file target-v1.txt (compact mmCIF, C-alpha atoms)
# COMPACT_ATOMS: atom_id res chain seq x y z
CA LYS Y 286 -103.48 146.87 -20.27
CA ARG Y 287 -103.72 145.30 -23.72
CA VAL Y 288 -107.07 146.99 -24.35
CA CYS Y 289 -105.62 150.42 -23.48
CA PHE Y 290 -102.74 149.89 -25.91
CA TYR Y 291 -105.15 148.78 -28.61
CA LEU Y 292 -107.43 151.79 -28.13
CA LEU Y 293 -104.49 154.19 -28.07
CA PHE Y 294 -103.10 152.54 -31.19
CA ARG Y 295 -106.43 152.94 -33.01
CA CYS Y 296 -106.78 156.59 -31.93
CA ILE Y 297 -103.29 157.43 -33.11
CA HIS Y 298 -103.94 155.66 -36.38
CA HIS Y 299 -107.14 157.52 -37.14
CA PHE Y 300 -106.03 161.01 -36.15
CA ILE Y 301 -102.32 161.38 -36.69
CA LEU Y 302 -100.39 158.61 -38.43
CA SER Y 303 -100.37 157.31 -41.97
CA GLN Y 304 -100.93 153.59 -42.58
CA ASP Y 305 -97.20 153.14 -43.25
CA GLU Y 306 -96.39 154.71 -39.89
CA VAL Y 307 -98.92 152.50 -38.12
CA VAL Y 308 -97.41 149.42 -39.77
CA ALA Y 309 -93.94 150.58 -38.70
CA LEU Y 310 -95.21 150.89 -35.10
CA ALA Y 311 -96.68 147.39 -35.31
CA ASP Y 312 -93.36 146.07 -36.66
CA THR Y 313 -91.56 147.67 -33.72
CA GLN Y 314 -94.08 146.25 -31.26
CA ARG Y 315 -93.67 142.76 -32.76
CA SER Y 316 -89.87 143.03 -32.64
CA ASP Y 317 -89.97 144.16 -29.01
CA MET Y 318 -92.28 141.32 -28.07
CA LEU Y 319 -90.14 138.76 -29.91
CA ARG Y 320 -87.02 140.02 -28.16
CA HIS Y 321 -88.74 139.86 -24.77
CA ILE Y 322 -90.02 136.32 -25.39
CA SER Y 323 -86.64 135.12 -26.64
CA ASP Y 324 -84.96 136.53 -23.53
CA ARG Y 325 -87.40 134.55 -21.40
CA ILE Y 326 -86.93 131.36 -23.44
CA LEU Y 327 -83.13 131.23 -23.19
CA PRO Y 328 -82.73 130.26 -19.51
CA LEU Y 329 -85.64 127.82 -19.75
CA GLN Y 330 -84.05 126.21 -22.80
CA ASP Y 331 -80.77 125.92 -20.87
CA ALA Y 332 -82.58 124.22 -17.99
CA LEU Y 333 -84.23 121.82 -20.44
CA GLU Y 334 -80.91 120.93 -22.08
CA LEU Y 335 -79.34 120.36 -18.64
CA ASP Y 336 -82.31 118.17 -17.65
CA ASP Y 337 -83.00 120.55 -14.76
CA ILE Y 338 -86.43 121.93 -15.68
CA SER Y 339 -89.58 121.73 -13.58
CA ASN Y 340 -92.98 120.83 -15.03
CA ASP Y 341 -94.17 124.43 -14.60
CA GLU Y 342 -91.08 125.72 -16.41
CA LEU Y 343 -91.60 123.21 -19.22
CA ILE Y 344 -95.20 124.36 -19.66
CA LEU Y 345 -94.04 127.99 -19.72
CA LEU Y 346 -91.31 127.18 -22.25
CA ARG Y 347 -93.81 125.57 -24.61
CA GLU Y 348 -96.22 128.47 -24.19
CA LEU Y 349 -93.50 131.05 -24.89
CA LYS Y 350 -92.32 129.17 -27.97
CA SER Y 351 -95.89 128.98 -29.27
CA ILE Y 352 -96.31 132.72 -28.80
CA ARG Y 353 -93.01 133.34 -30.57
CA VAL Y 354 -94.27 131.35 -33.57
CA VAL Y 355 -97.54 133.33 -33.60
CA LEU Y 356 -95.62 136.61 -33.46
CA SER Y 357 -93.26 135.56 -36.24
CA ARG Y 358 -96.27 134.86 -38.48
CA LEU Y 359 -98.14 138.04 -37.56
CA ASP Y 360 -99.12 140.19 -40.55
CA THR Y 361 -98.34 143.72 -39.41
CA SER Y 362 -99.65 145.18 -42.66
CA LYS Y 363 -103.13 144.81 -41.14
CA ALA Y 364 -102.32 147.26 -38.35
CA PRO Y 365 -104.03 148.55 -36.34
CA ASP Y 366 -106.43 145.60 -36.65
CA ILE Y 367 -104.07 143.03 -35.18
CA LYS Y 368 -104.92 140.46 -32.55
CA TRP Y 369 -101.79 140.52 -30.40
CA PRO Y 370 -101.00 137.42 -28.33
CA VAL Y 371 -101.11 137.81 -24.58
CA LEU Y 372 -97.74 137.29 -22.90
CA PRO Y 373 -97.70 135.14 -19.77
CA GLU Y 374 -96.63 136.75 -16.50

call {"tool": "encode", "arguments": {"input": "target-v1.txt", "output": "structure tokens"}}
result
Amino acid sequence: KRVCFYLLFRCIHHFILSQDEVVALADTQRSDMLRHISDRILPLQDALELDDISNDELILLRELKSIRVVLSRLDTSKAPDIKWPVLPE
């Protein structure tokens, strides 16, 4: 799935879009991923604060927060050559 997106992204970049447009697409992708991750973090953070979190949920929470940090530091100006983090299921 990630490979297909990457290949499509590279094809679009080389044949149709300007670098500015590719960077704008990468910015949108990053924003979408950040929003998705934050939505997943919220209920886990609530469970943590209420001391009602399982070990598996705690591991997932830490993983999601780490990915959110990576995404927030991602340099989209290098698009399409970006190594996107893989989101957990």

call {"tool": "residues_around", "arguments": {"input": "target-v1.txt", "residues": "Ser357 in chain Y", "least_positions_apart": "2", "cutoff": "12 Å", "atoms": "only C-alpha atoms", "output": "count of residues only"}}
result
21

call {"tool": "closest_residue", "arguments": {"input": "target-v1.txt", "among": "Y:Leu329, Y:Lys363, Y:Leu356, Y:Leu302", "to": "Leu343 in chain Y", "atoms": "all atoms listed in the file"}}
result
Y:Leu329

call {"tool": "atom_distance", "arguments": {"input": "target-v1.txt", "atom1": "CA of Asp305 in chain Y", "atom2": "CA of Asp366 in chain Y"}}
result
13.6 Å

call {"tool": "atom_distance", "arguments": {"input": "target-v1.txt", "atom1": "CA of Ala311 in chain Y", "atom2": "CA of Arg358 in chain Y"}}
result
12.9 Å

call {"tool": "atom_distance", "arguments": {"input": "target-v1.txt", "atom1": "CA of Ala332 in chain Y", "atom2": "CA of Leu349 in chain Y"}}
result
14.6 Å

call {"tool": "decode", "arguments": {"input": "target-v1.txt", "residues": "range 346-360 of chain Y", "atoms": "all heavy atoms", "output": "short mmCIF file (atom, residue, chain, number, x, y, z; two decimals), in the first residue's frame"}}
result
data_model
loop_
_atom_site.label_atom_id
_atom_site.label_comp_id
_atom_site.auth_asym_id
_atom_site.auth_seq_id
_atom_site.Cartn_x
_atom_site.Cartn_y
_atom_site.Cartn_z
N LEU Y 346 0.03 3.64 22.39
CA LEU Y 346 0.07 5.08 22.67
C LEU Y 346 1.47 5.63 22.46
O LEU Y 346 1.66 6.65 21.80
CB LEU Y 346 -0.43 5.36 24.08
CG LEU Y 346 -0.38 6.81 24.55
CD1 LEU Y 346 -1.25 7.70 23.67
CD2 LEU Y 346 -0.80 6.91 26.01
N ARG Y 347 2.46 4.95 23.00
CA ARG Y 347 3.85 5.40 22.84
C ARG Y 347 4.28 5.37 21.37
O ARG Y 347 4.96 6.28 20.90
CB ARG Y 347 4.78 4.54 23.69
CG ARG Y 347 4.63 4.82 25.16
CD ARG Y 347 5.56 3.98 25.98
NE ARG Y 347 5.42 4.33 27.39
CZ ARG Y 347 5.66 3.50 28.38
NH1 ARG Y 347 6.10 2.28 28.12
NH2 ARG Y 347 5.50 3.87 29.63
N GLU Y 348 3.88 4.32 20.68
CA GLU Y 348 4.22 4.21 19.26
C GLU Y 348 3.58 5.35 18.45
O GLU Y 348 4.23 5.97 17.61
CB GLU Y 348 3.75 2.86 18.73
CG GLU Y 348 4.16 2.60 17.30
CD GLU Y 348 3.74 1.21 16.81
OE1 GLU Y 348 3.16 0.43 17.58
OE2 GLU Y 348 3.99 0.93 15.63
N LEU Y 349 2.31 5.61 18.72
CA LEU Y 349 1.61 6.68 18.00
C LEU Y 349 2.23 8.04 18.29
O LEU Y 349 2.40 8.87 17.38
CB LEU Y 349 0.12 6.69 18.37
CG LEU Y 349 -0.70 5.50 17.86
CD1 LEU Y 349 -2.08 5.49 18.50
CD2 LEU Y 349 -0.80 5.53 16.34
N LYS Y 350 2.58 8.28 19.54
CA LYS Y 350 3.22 9.55 19.89
C LYS Y 350 4.58 9.70 19.20
O LYS Y 350 4.93 10.79 18.74
CB LYS Y 350 3.35 9.69 21.40
CG LYS Y 350 2.04 10.02 22.08
CD LYS Y 350 2.25 10.25 23.56
CE LYS Y 350 0.98 10.78 24.19
NZ LYS Y 350 1.20 11.19 25.59
N SER Y 351 5.32 8.61 19.13
CA SER Y 351 6.62 8.65 18.44
C SER Y 351 6.44 8.98 16.96
O SER Y 351 7.20 9.78 16.40
CB SER Y 351 7.35 7.31 18.58
OG SER Y 351 7.70 7.09 19.91
N ILE Y 352 5.44 8.37 16.35
CA ILE Y 352 5.18 8.64 14.93
C ILE Y 352 4.74 10.09 14.74
O ILE Y 352 5.15 10.75 13.78
CB ILE Y 352 4.12 7.67 14.38
CG1 ILE Y 352 4.70 6.25 14.33
CG2 ILE Y 352 3.66 8.09 12.99
CD1 ILE Y 352 3.68 5.18 14.04
N ARG Y 353 3.95 10.60 15.67
CA ARG Y 353 3.52 12.00 15.57
C ARG Y 353 4.72 12.95 15.63
O ARG Y 353 4.77 13.93 14.89
CB ARG Y 353 2.50 12.31 16.68
CG ARG Y 353 1.88 13.68 16.53
CD ARG Y 353 0.66 13.86 17.37
NE ARG Y 353 0.92 13.72 18.80
CZ ARG Y 353 -0.01 13.92 19.73
NH1 ARG Y 353 -1.25 14.25 19.39
NH2 ARG Y 353 0.27 13.77 21.00
N VAL Y 354 5.69 12.63 16.47
CA VAL Y 354 6.91 13.45 16.54
C VAL Y 354 7.67 13.39 15.22
O VAL Y 354 8.10 14.42 14.69
CB VAL Y 354 7.80 13.02 17.72
CG1 VAL Y 354 9.17 13.67 17.65
CG2 VAL Y 354 7.12 13.34 19.04
N VAL Y 355 7.83 12.18 14.68
CA VAL Y 355 8.52 12.02 13.39
C VAL Y 355 7.82 12.83 12.31
O VAL Y 355 8.46 13.55 11.54
CB VAL Y 355 8.60 10.52 12.99
CG1 VAL Y 355 9.04 10.36 11.55
CG2 VAL Y 355 9.52 9.77 13.94
N LEU Y 356 6.49 12.73 12.26
CA LEU Y 356 5.73 13.48 11.25
C LEU Y 356 5.89 14.98 11.42
O LEU Y 356 6.01 15.72 10.45
CB LEU Y 356 4.25 13.10 11.30
CG LEU Y 356 3.88 11.77 10.67
CD1 LEU Y 356 2.45 11.40 11.02
CD2 LEU Y 356 4.07 11.82 9.16
N SER Y 357 5.88 15.44 12.66
CA SER Y 357 5.99 16.88 12.90
C SER Y 357 7.35 17.42 12.48
O SER Y 357 7.49 18.60 12.16
CB SER Y 357 5.71 17.21 14.36
OG SER Y 357 6.76 16.74 15.19
N ARG Y 358 8.36 16.56 12.45
CA ARG Y 358 9.71 16.98 12.06
C ARG Y 358 10.02 16.70 10.58
O ARG Y 358 11.11 17.03 10.10
CB ARG Y 358 10.74 16.25 12.92
CG ARG Y 358 10.66 16.64 14.37
CD ARG Y 358 11.62 15.84 15.19
NE ARG Y 358 11.59 16.28 16.59
CZ ARG Y 358 12.10 15.59 17.59
NH1 ARG Y 358 12.72 14.45 17.36
NH2 ARG Y 358 12.01 16.04 18.82
N LEU Y 359 9.10 16.10 9.88
CA LEU Y 359 9.30 15.71 8.49
C LEU Y 359 9.50 16.93 7.59
O LEU Y 359 8.72 17.87 7.65
CB LEU Y 359 8.08 14.91 8.02
CG LEU Y 359 8.23 14.04 6.80
CD1 LEU Y 359 9.14 12.86 7.12
CD2 LEU Y 359 6.87 13.53 6.39
N ASP Y 360 10.53 16.88 6.78
CA ASP Y 360 10.83 17.98 5.85
C ASP Y 360 10.15 17.69 4.51
O ASP Y 360 10.66 16.95 3.69
CB ASP Y 360 12.34 18.11 5.68
CG ASP Y 360 12.73 19.27 4.78
OD1 ASP Y 360 11.83 20.01 4.31
OD2 ASP Y 360 13.94 19.43 4.54
#
